[in-house]
$ cat data_7.cif   # mmCIF, C-alpha atoms and all ligand atoms
data_data
loop_
_atom_site.group_PDB
_atom_site.id
_atom_site.type_symbol
_atom_site.label_atom_id
_atom_site.label_comp_id
_atom_site.auth_asym_id
_atom_site.auth_seq_id
_atom_site.Cartn_x
_atom_site.Cartn_y
_atom_site.Cartn_z
ATOM 1 C CA MET A 96 172.925 34.259 140.030
ATOM 2 C CA GLU A 97 174.106 36.983 142.337
ATOM 3 C CA VAL A 98 177.259 39.077 141.981
ATOM 4 C CA GLU A 99 178.198 41.222 144.964
ATOM 5 C CA LEU A 100 181.051 43.724 144.952
ATOM 6 C CA MET A 101 182.827 43.081 148.258
ATOM 7 C CA ALA A 102 185.734 45.498 147.931
ATOM 8 C CA ILE A 103 187.424 47.782 145.446
ATOM 9 C CA THR A 104 190.488 50.019 145.502
ATOM 10 C CA PRO A 105 189.316 53.408 146.831
ATOM 11 C CA GLN A 106 189.524 56.215 144.214
ATOM 12 C CA ALA A 107 190.723 53.515 141.841
ATOM 13 C CA GLU A 108 190.956 55.637 138.703
ATOM 14 C CA GLU A 109 192.859 58.414 140.483
ATOM 15 C CA VAL A 110 195.263 55.813 141.891
ATOM 16 C CA ILE A 111 195.858 54.573 138.346
ATOM 17 C CA GLU A 112 196.414 58.117 137.068
ATOM 18 C CA LYS A 113 198.856 58.973 139.890
ATOM 19 C CA ALA A 114 200.762 55.722 139.360
ATOM 20 C CA CYS A 115 200.932 56.447 135.645
ATOM 21 C CA ARG A 116 202.092 60.048 136.189
ATOM 22 C CA THR A 117 205.002 58.693 138.243
ATOM 23 C CA CYS A 118 206.558 57.564 134.964
ATOM 24 C CA TYR A 119 206.780 61.195 133.774
ATOM 25 C CA LEU A 120 206.713 62.944 137.209
ATOM 26 C CA SER A 121 203.881 64.984 135.707
ATOM 27 C CA PHE A 122 201.847 65.393 138.917
ATOM 28 C CA ASN A 123 201.336 69.085 138.039
ATOM 29 C CA ARG A 124 198.907 67.845 135.350
ATOM 30 C CA PHE A 125 196.791 65.861 137.842
ATOM 31 C CA ASP A 126 193.395 67.533 137.485
ATOM 32 C CA PRO A 127 190.589 64.967 137.823
ATOM 33 C CA PRO A 128 188.233 64.044 136.320
ATOM 34 C CA GLU A 129 189.426 65.453 132.934
ATOM 35 C CA SER A 130 193.099 64.502 133.368
ATOM 36 C CA THR A 131 192.109 61.042 134.634
ATOM 37 C CA ARG A 132 189.906 60.353 131.647
ATOM 38 C CA GLU A 133 192.444 61.635 129.155
ATOM 39 C CA LEU A 134 195.404 59.706 130.573
ATOM 40 C CA ILE A 135 193.611 56.416 131.214
ATOM 41 C CA ARG A 136 192.027 56.351 127.753
ATOM 42 C CA LYS A 137 195.453 57.130 126.266
ATOM 43 C CA VAL A 138 197.293 54.313 128.060
ATOM 44 C CA ILE A 139 194.548 51.831 127.194
ATOM 45 C CA SER A 140 194.580 52.776 123.508
ATOM 46 C CA LYS A 141 198.377 52.493 123.408
ATOM 47 C CA GLY A 142 198.303 49.078 125.122
ATOM 48 C CA HIS A 143 200.183 50.216 128.256
ATOM 49 C CA HIS A 144 197.843 48.145 130.380
ATOM 50 C CA SER A 145 200.205 47.408 133.287
ATOM 51 C CA VAL A 146 199.118 50.647 135.035
ATOM 52 C CA LEU A 147 195.631 49.158 135.377
ATOM 53 C CA GLU A 148 197.117 46.605 137.783
ATOM 54 C CA HIS A 149 197.261 49.242 140.555
ATOM 55 C CA ALA A 150 193.524 48.823 141.210
ATOM 56 C CA SER A 151 191.593 45.677 141.953
ATOM 57 C CA ALA A 152 188.138 44.457 142.925
ATOM 58 C CA THR A 153 186.724 41.520 144.879
ATOM 59 C CA PHE A 154 183.388 39.872 144.022
ATOM 60 C CA ARG A 155 181.265 37.182 145.644
ATOM 61 C CA VAL A 156 179.366 35.100 143.085
ATOM 62 C CA LYS A 157 176.447 32.981 144.304
ATOM 63 C CA GLY A 158 174.147 30.731 142.286
ATOM 64 C CA GLY A 159 176.685 29.716 139.620
ATOM 65 C CA SER A 160 177.509 26.099 138.764
ATOM 66 C CA ARG A 161 180.761 24.147 139.036
ATOM 67 C CA VAL A 162 180.785 24.274 135.210
ATOM 68 C CA PHE A 163 180.977 28.065 135.438
ATOM 69 C CA THR A 164 183.579 28.125 138.233
ATOM 70 C CA HIS A 165 185.749 25.672 136.301
ATOM 71 C CA GLU A 166 185.778 28.100 133.362
ATOM 72 C CA LEU A 167 186.421 31.076 135.644
ATOM 73 C CA VAL A 168 189.415 29.588 137.451
ATOM 74 C CA ARG A 169 191.201 29.065 134.114
ATOM 75 C CA HIS A 170 192.006 32.789 134.324
ATOM 76 C CA ARG A 171 195.338 32.707 136.052
ATOM 77 C CA PHE A 172 195.328 36.255 137.440
ATOM 78 C CA VAL A 173 191.875 35.864 138.963
ATOM 79 C CA SER A 174 192.454 34.803 142.594
ATOM 80 C CA PRO A 175 189.666 32.469 143.729
ATOM 81 C CA SER A 176 188.392 31.157 147.073
ATOM 82 C CA GLN A 177 185.709 28.575 146.373
ATOM 83 C CA GLU A 178 183.253 26.520 148.393
ATOM 84 C CA SER A 179 184.962 23.178 149.084
ATOM 85 C CA GLN A 180 183.116 19.951 148.360
ATOM 86 C CA ARG A 181 185.386 18.299 150.937
ATOM 87 C CA TYR A 182 184.361 20.498 153.861
ATOM 88 C CA VAL A 183 180.866 21.515 152.723
ATOM 89 C CA CYS A 184 178.258 18.728 152.896
ATOM 90 C CA TYR A 185 174.979 18.851 150.984
ATOM 91 C CA ALA A 186 173.445 16.091 153.125
ATOM 92 C CA ASP A 187 173.695 14.872 156.715
ATOM 93 C CA LYS A 188 176.514 12.500 157.545
ATOM 94 C CA PRO A 189 177.170 10.547 160.732
ATOM 95 C CA GLY A 190 177.837 13.064 163.522
ATOM 96 C CA ARG A 191 177.282 16.138 161.350
ATOM 97 C CA HIS A 192 174.388 18.037 159.794
ATOM 98 C CA LYS A 193 174.542 19.190 156.189
ATOM 99 C CA THR A 194 176.243 22.572 155.646
ATOM 100 C CA LYS A 195 173.761 23.731 152.998
ATOM 101 C CA ASP A 196 170.928 22.496 150.806
ATOM 102 C CA TYR A 197 171.858 20.939 147.491
ATOM 103 C CA ASN A 198 171.052 22.887 144.348
ATOM 104 C CA CYS A 199 171.752 22.196 140.690
ATOM 105 C CA ILE A 200 171.757 24.778 137.878
ATOM 106 C CA ILE A 201 169.530 23.724 134.951
ATOM 107 C CA PRO A 202 170.292 25.208 131.517
ATOM 108 C CA ASP A 203 167.288 26.685 129.674
ATOM 109 C CA SER A 204 168.283 24.922 126.431
ATOM 110 C CA ILE A 205 167.022 21.550 127.706
ATOM 111 C CA ASP A 206 163.463 22.901 127.784
ATOM 112 C CA GLY A 207 163.025 22.506 124.049
ATOM 113 C CA VAL A 208 163.696 18.748 123.886
ATOM 114 C CA SER A 209 161.843 15.577 124.864
ATOM 115 C CA LEU A 210 163.558 12.317 125.785
ATOM 116 C CA LYS A 211 162.649 8.647 126.243
ATOM 117 C CA MET A 212 163.696 7.084 129.545
ATOM 118 C CA ASN A 213 162.726 3.515 130.514
ATOM 119 C CA GLY A 214 160.078 3.504 127.780
ATOM 120 C CA SER A 215 158.411 6.768 128.933
ATOM 121 C CA CYS A 216 158.613 10.190 127.344
ATOM 122 C CA PHE A 217 159.825 13.151 129.397
ATOM 123 C CA SER A 218 160.590 16.782 128.707
ATOM 124 C CA GLY A 219 164.287 17.608 128.813
ATOM 125 C CA ARG A 220 163.777 19.390 132.133
ATOM 126 C CA GLU A 221 161.892 16.456 133.712
ATOM 127 C CA ALA A 222 164.573 14.001 132.568
ATOM 128 C CA PHE A 223 167.353 16.280 133.807
ATOM 129 C CA ILE A 224 165.743 16.701 137.227
ATOM 130 C CA LYS A 225 165.123 12.950 137.566
ATOM 131 C CA ALA A 226 168.738 12.067 136.737
ATOM 132 C CA GLN A 227 170.100 14.829 138.964
ATOM 133 C CA GLU A 228 167.873 13.710 141.863
ATOM 134 C CA GLN A 229 169.174 10.153 141.455
ATOM 135 C CA CYS A 230 172.745 11.445 141.670
ATOM 136 C CA TYR A 231 171.907 13.466 144.768
ATOM 137 C CA ARG A 232 170.139 10.504 146.419
ATOM 138 C CA LEU A 233 173.213 8.342 145.891
ATOM 139 C CA TYR A 234 175.424 11.133 147.322
ATOM 140 C CA GLU A 235 173.128 11.270 150.357
ATOM 141 C CA GLN A 236 173.300 7.483 150.807
ATOM 142 C CA LEU A 237 177.073 7.427 150.428
ATOM 143 C CA LEU A 238 177.463 10.100 153.137
ATOM 144 C CA ALA A 239 175.028 8.268 155.435
ATOM 145 C CA ALA A 240 177.042 5.072 154.909
ATOM 146 C CA GLY A 241 180.229 6.826 156.041
ATOM 147 C CA VAL A 242 181.877 7.683 152.698
ATOM 148 C CA PRO A 243 183.680 11.060 153.076
ATOM 149 C CA PRO A 244 182.132 14.024 151.180
ATOM 150 C CA GLU A 245 185.322 14.397 149.116
ATOM 151 C CA ASP A 246 184.630 10.964 147.601
ATOM 152 C CA ALA A 247 180.815 11.046 147.563
ATOM 153 C CA ARG A 248 180.983 14.278 145.504
ATOM 154 C CA TYR A 249 182.230 12.363 142.455
ATOM 155 C CA ILE A 250 178.621 11.490 141.682
ATOM 156 C CA LEU A 251 177.410 15.101 141.685
ATOM 157 C CA PRO A 252 176.808 16.727 138.271
ATOM 158 C CA GLY A 253 178.659 19.728 136.817
ATOM 159 C CA GLY A 254 175.519 21.785 137.390
ATOM 160 C CA THR A 255 176.065 21.637 141.170
ATOM 161 C CA GLU A 256 175.804 25.163 142.594
ATOM 162 C CA SER A 257 179.017 26.574 144.023
ATOM 163 C CA GLU A 258 179.869 29.845 145.752
ATOM 164 C CA ILE A 259 183.098 31.623 144.857
ATOM 165 C CA VAL A 260 184.921 34.841 145.770
ATOM 166 C CA ILE A 261 187.337 36.294 143.247
ATOM 167 C CA THR A 262 189.826 39.132 143.301
ATOM 168 C CA ALA A 263 191.373 40.562 140.161
ATOM 169 C CA ASN A 264 193.136 43.720 139.121
ATOM 170 C CA PHE A 265 191.527 45.949 136.503
ATOM 171 C CA ARG A 266 193.818 44.716 133.726
ATOM 172 C CA GLU A 267 192.725 41.139 134.302
ATOM 173 C CA LEU A 268 189.083 42.163 134.719
ATOM 174 C CA ARG A 269 189.220 43.813 131.275
ATOM 175 C CA HIS A 270 190.723 40.615 129.853
ATOM 176 C CA LEU A 271 188.125 38.422 131.572
ATOM 177 C CA ILE A 272 185.283 40.629 130.305
ATOM 178 C CA THR A 273 186.712 40.714 126.768
ATOM 179 C CA LEU A 274 186.786 36.911 126.549
ATOM 180 C CA ARG A 275 183.765 35.990 128.607
ATOM 181 C CA CYS A 276 181.195 38.670 127.685
ATOM 182 C CA ASN A 277 181.778 37.900 124.020
ATOM 183 C CA PRO A 278 178.722 36.399 122.244
ATOM 184 C CA ARG A 279 180.731 33.193 121.662
ATOM 185 C CA ALA A 280 181.337 32.628 125.389
ATOM 186 C CA HIS A 281 179.211 30.137 127.329
ATOM 187 C CA TRP A 282 175.924 31.651 128.561
ATOM 188 C CA GLU A 283 176.507 31.178 132.282
ATOM 189 C CA ILE A 284 179.958 32.765 132.590
ATOM 190 C CA ARG A 285 178.802 35.395 130.062
ATOM 191 C CA ARG A 286 175.834 36.402 132.228
ATOM 192 C CA ILE A 287 177.952 36.538 135.374
ATOM 193 C CA CYS A 288 180.729 38.549 133.689
ATOM 194 C CA LEU A 289 178.068 40.942 132.344
ATOM 195 C CA LYS A 290 177.018 41.570 135.940
ATOM 196 C CA ILE A 291 180.684 42.207 136.816
ATOM 197 C CA LEU A 292 180.938 44.596 133.853
ATOM 198 C CA ASP A 293 177.793 46.407 134.937
ATOM 199 C CA ILE A 294 179.321 46.974 138.392
ATOM 200 C CA MET A 295 182.706 48.021 136.962
ATOM 201 C CA LYS A 296 181.084 50.517 134.598
ATOM 202 C CA LYS A 297 179.611 52.251 137.661
ATOM 203 C CA GLU A 298 182.702 51.939 139.872
ATOM 204 C CA ALA A 299 185.400 52.708 137.291
ATOM 205 C CA PRO A 300 183.551 54.281 134.339
ATOM 206 C CA ILE A 301 186.669 55.473 132.537
ATOM 207 C CA VAL A 302 188.539 52.153 132.603
ATOM 208 C CA PHE A 303 185.495 50.167 131.442
ATOM 209 C CA SER A 304 183.867 52.770 129.158
ATOM 210 C CA ASP A 305 184.953 51.069 125.921
ATOM 211 C CA PHE A 306 182.907 47.910 126.555
ATOM 212 C CA VAL A 307 179.606 48.174 124.711
ATOM 213 C CA ILE A 308 176.724 46.034 125.958
ATOM 214 C CA ASP A 309 174.343 44.882 123.198
ATOM 215 C CA ALA A 310 170.727 46.051 123.103
ATOM 216 C CA GLN A 311 169.436 42.784 124.639
ATOM 217 C CA GLY A 312 172.016 42.953 127.456
ATOM 218 C CA GLU A 313 173.295 39.478 126.538
ATOM 219 C CA SER A 314 176.874 40.216 125.529
ATOM 220 C CA ALA A 315 179.461 42.988 125.447
ATOM 221 C CA GLN A 316 182.378 43.757 123.198
ATOM 222 C CA LEU A 317 185.102 46.368 122.955
ATOM 223 C CA ALA A 318 184.033 49.306 120.798
ATOM 224 C CA PRO A 319 186.227 50.028 117.784
ATOM 225 C CA GLU A 320 188.630 52.815 118.783
ATOM 226 C CA GLU A 321 187.302 55.274 116.191
ATOM 227 C CA GLU A 322 183.863 55.125 117.872
ATOM 228 C CA LEU A 323 185.243 56.237 121.239
ATOM 229 C CA GLY A 324 185.103 59.869 122.226
HETATM 230 C C1 LIG B 401 184.919 30.998 124.136
HETATM 231 C C2 LIG B 401 185.959 30.211 124.891
HETATM 232 C C3 LIG B 401 186.106 28.864 124.661
HETATM 233 C C4 LIG B 401 187.080 28.125 125.346
HETATM 234 N N1 LIG B 401 187.210 26.783 125.098
HETATM 235 C C5 LIG B 401 188.166 26.070 125.747
HETATM 236 C C6 LIG B 401 188.361 24.670 125.502
HETATM 237 O O1 LIG B 401 187.660 24.063 124.695
HETATM 238 N N2 LIG B 401 189.331 24.015 126.178
HETATM 239 C C7 LIG B 401 190.145 24.651 127.078
HETATM 240 O O2 LIG B 401 191.040 24.016 127.656
HETATM 241 N N3 LIG B 401 190.002 25.964 127.333
HETATM 242 C C8 LIG B 401 189.045 26.689 126.704
HETATM 243 N N4 LIG B 401 188.897 28.012 126.974
HETATM 244 C C9 LIG B 401 189.756 28.621 128.000
HETATM 245 C C10 LIG B 401 190.941 29.367 127.349
HETATM 246 O O3 LIG B 401 191.742 28.480 126.606
HETATM 247 C C11 LIG B 401 191.800 30.051 128.418
HETATM 248 O O4 LIG B 401 192.372 29.091 129.293
HETATM 249 C C12 LIG B 401 191.016 31.008 129.285
HETATM 250 O O5 LIG B 401 190.154 31.778 128.490
HETATM 251 C C13 LIG B 401 191.995 31.927 130.011
HETATM 252 O O6 LIG B 401 192.522 32.826 129.055
HETATM 253 P P1 LIG B 401 193.968 33.438 129.116
HETATM 254 O O7 LIG B 401 194.990 32.380 129.240
HETATM 255 O O8 LIG B 401 194.096 34.415 127.986
HETATM 256 O O9 LIG B 401 193.814 34.359 130.392
HETATM 257 P P2 LIG B 401 194.471 34.452 131.827
HETATM 258 O O10 LIG B 401 194.869 33.152 132.402
HETATM 259 O O11 LIG B 401 193.449 35.247 132.532
HETATM 260 O O12 LIG B 401 195.770 35.296 131.575
HETATM 261 C C14 LIG B 401 195.711 36.656 131.125
HETATM 262 C C15 LIG B 401 196.792 36.893 130.112
HETATM 263 O O13 LIG B 401 198.058 36.814 130.777
HETATM 264 C C16 LIG B 401 199.014 36.277 129.886
HETATM 265 N N5 LIG B 401 199.516 35.021 130.448
HETATM 266 C C17 LIG B 401 198.985 34.323 131.486
HETATM 267 N N6 LIG B 401 199.732 33.252 131.760
HETATM 268 C C18 LIG B 401 200.736 33.256 130.879
HETATM 269 C C19 LIG B 401 201.823 32.396 130.626
HETATM 270 N N7 LIG B 401 202.047 31.298 131.352
HETATM 271 N N8 LIG B 401 202.688 32.713 129.648
HETATM 272 C C20 LIG B 401 202.518 33.812 128.901
HETATM 273 N N9 LIG B 401 201.473 34.668 129.049
HETATM 274 C C21 LIG B 401 200.609 34.407 130.032
HETATM 275 C C22 LIG B 401 198.311 36.059 128.543
HETATM 276 O O14 LIG B 401 198.492 37.220 127.760
HETATM 277 C C23 LIG B 401 196.860 35.918 128.938
HETATM 278 O O15 LIG B 401 195.976 36.230 127.896
HETATM 279 C C24 LIG B 401 187.932 28.765 126.305
HETATM 280 C C25 LIG B 401 187.782 30.143 126.517
HETATM 281 C C26 LIG B 401 186.820 30.870 125.833
HETATM 282 C C27 LIG B 401 186.677 32.353 126.102
#
$ encode --input "data_7.cif" --output "structure tokens" --more "lines below"
Ligand SMILES: Cc1cc2nc3c(=O)[nH]c(=O)nc-3n(C[C@H](O)[C@H](O)[C@H](O)COP(=O)(O)OP(=O)(O)OC[C@H]3O[C@@H](n4cnc5c(N)ncnc54)[C@H](O)[C@@H]3O)c2cc1C
Amino acid sequence: MEVELMAITPQAEEVIEKACRTCYLSFNRFDPPESTRELIRKVISKGHHSVLEHASATFRVKGGSRVFTHELVRHRFVSPSQESQRYVCYADKPGRHKTKDYNCIIPDSIDGVSLKMNGSCFSGREAFIKAQEQCYRLYEQLLAAGVPPEDARYILPGGTESEIVITANFRELRHLITLRCNPRAHWEIRRICLKILDIMKKEAPIVFSDFVIDAQGESAQLAPEEELG
């Protein structure tokens, strides 16, 4: 999985502070970084999160599955542009070469199991790869026979890799990270949102300072307010 920051509001935290100070016309108190930290932490703790909407970031995520992107696009203030399975072909079709190689994400949890298929015993991973390869072979044959990619794709599994670009303002990014970096969230979206959090902690350290990443780096949660400086 790869998360690339494509764009971010320049001087994002100062933009947020200046927007916020418009409410009180208190520009005389604009004295970054101290004033920025103080004001942003105050508005976040009081729940006045609309000021965080003045800054946004755009990310390209590669190597995630359609399972992950389906979960991601449920967030209504995350604007997505995703690889189309109508226009992108994973195999040659009459008159056109494939757009990209096919890849399927395999969850680690299947490694611990063994399964019987057609009387033989396979590891979970072997069985998964066999079944996924069968699906892909049928997709390939359907395309070669003239079935459009938008219909042939019905046979592809949820693990099919899919590229996506998302844009979200900082308020929505905080919401996304709160829900999806939580230990209860699904591992794939959790890992990707942790990468987003890691980037945001560097790019906007004040806005994202209250997210605490666990010692193993596998989840993050909001710190209780009394623990914040
Ligand atoms: C651990 C986990 C398990 C999940 N399991 C399932 C599942 O089994 N089935 C399933 O269908 N979904 C599931 N979801 C998805 C979940 O139900 C939400 O659709 C998704 O998390 C988006 O959350 P949201 O609506 O808060 O956020 P967003 O869509 O990002 O919206 C942000 C916030 O804006 C406000 N908002 C947005 N739209 C409206 C609106 N129309 N009216 C009023 N306020 C609005 C709300 O305050 C909302 O929290 C799961 C999510 C998580 C994190």
$ residues_around --input "data_7.cif" --residues "Arg181 (chain A)" --least-positions-apart "6" --cutoff "12 Å" --atoms "all atoms listed in the file" --output "JSON, numbers by chain"
{"A": [194, 238, 242, 243, 244, 245, 246, 247, 248, 249]}
$ closest_atom_pairs --input "data_7.cif" --of "region 271-303 of chain A" --to "region 116-132 of chain A" --cutoff "10 Å" --atoms "all atoms listed in the file" --output "Markdown table"
| residue | atom | partner | partner_atom | distance |
| --- | --- | --- | --- | --- |
| A:Pro300 | CA | A:Arg132 | CA | 9.2 |
| A:Ile301 | CA | A:Arg132 | CA | 5.9 |
| A:Val302 | CA | A:Arg132 | CA | 8.4 |
$ resolve_selection --input "data_7.cif" --expression "the PyMOL selection byres (((chain A and resi 313) around 8) and not hetatm)" --output "JSON, numbers by chain"
{"A": [278, 285, 286, 289, 308, 309, 310, 311, 312, 314, 315]}
$ residues_around --input "data_7.cif" --residues "Trp282 (chain A)" --least-positions-apart "5" --cutoff "10 Å" --atoms "all atoms listed in the file" --output "NGL selection string"
:A and (163 or 202 or 275-277 or 287-288 or 313-314)
$ closest_residue --input "data_7.cif" --among "A:Phe217, A:Tyr197, A:Phe172, A:Phe306" --to "Cys230 (chain A)" --atoms "all atoms listed in the file"
A:Tyr197
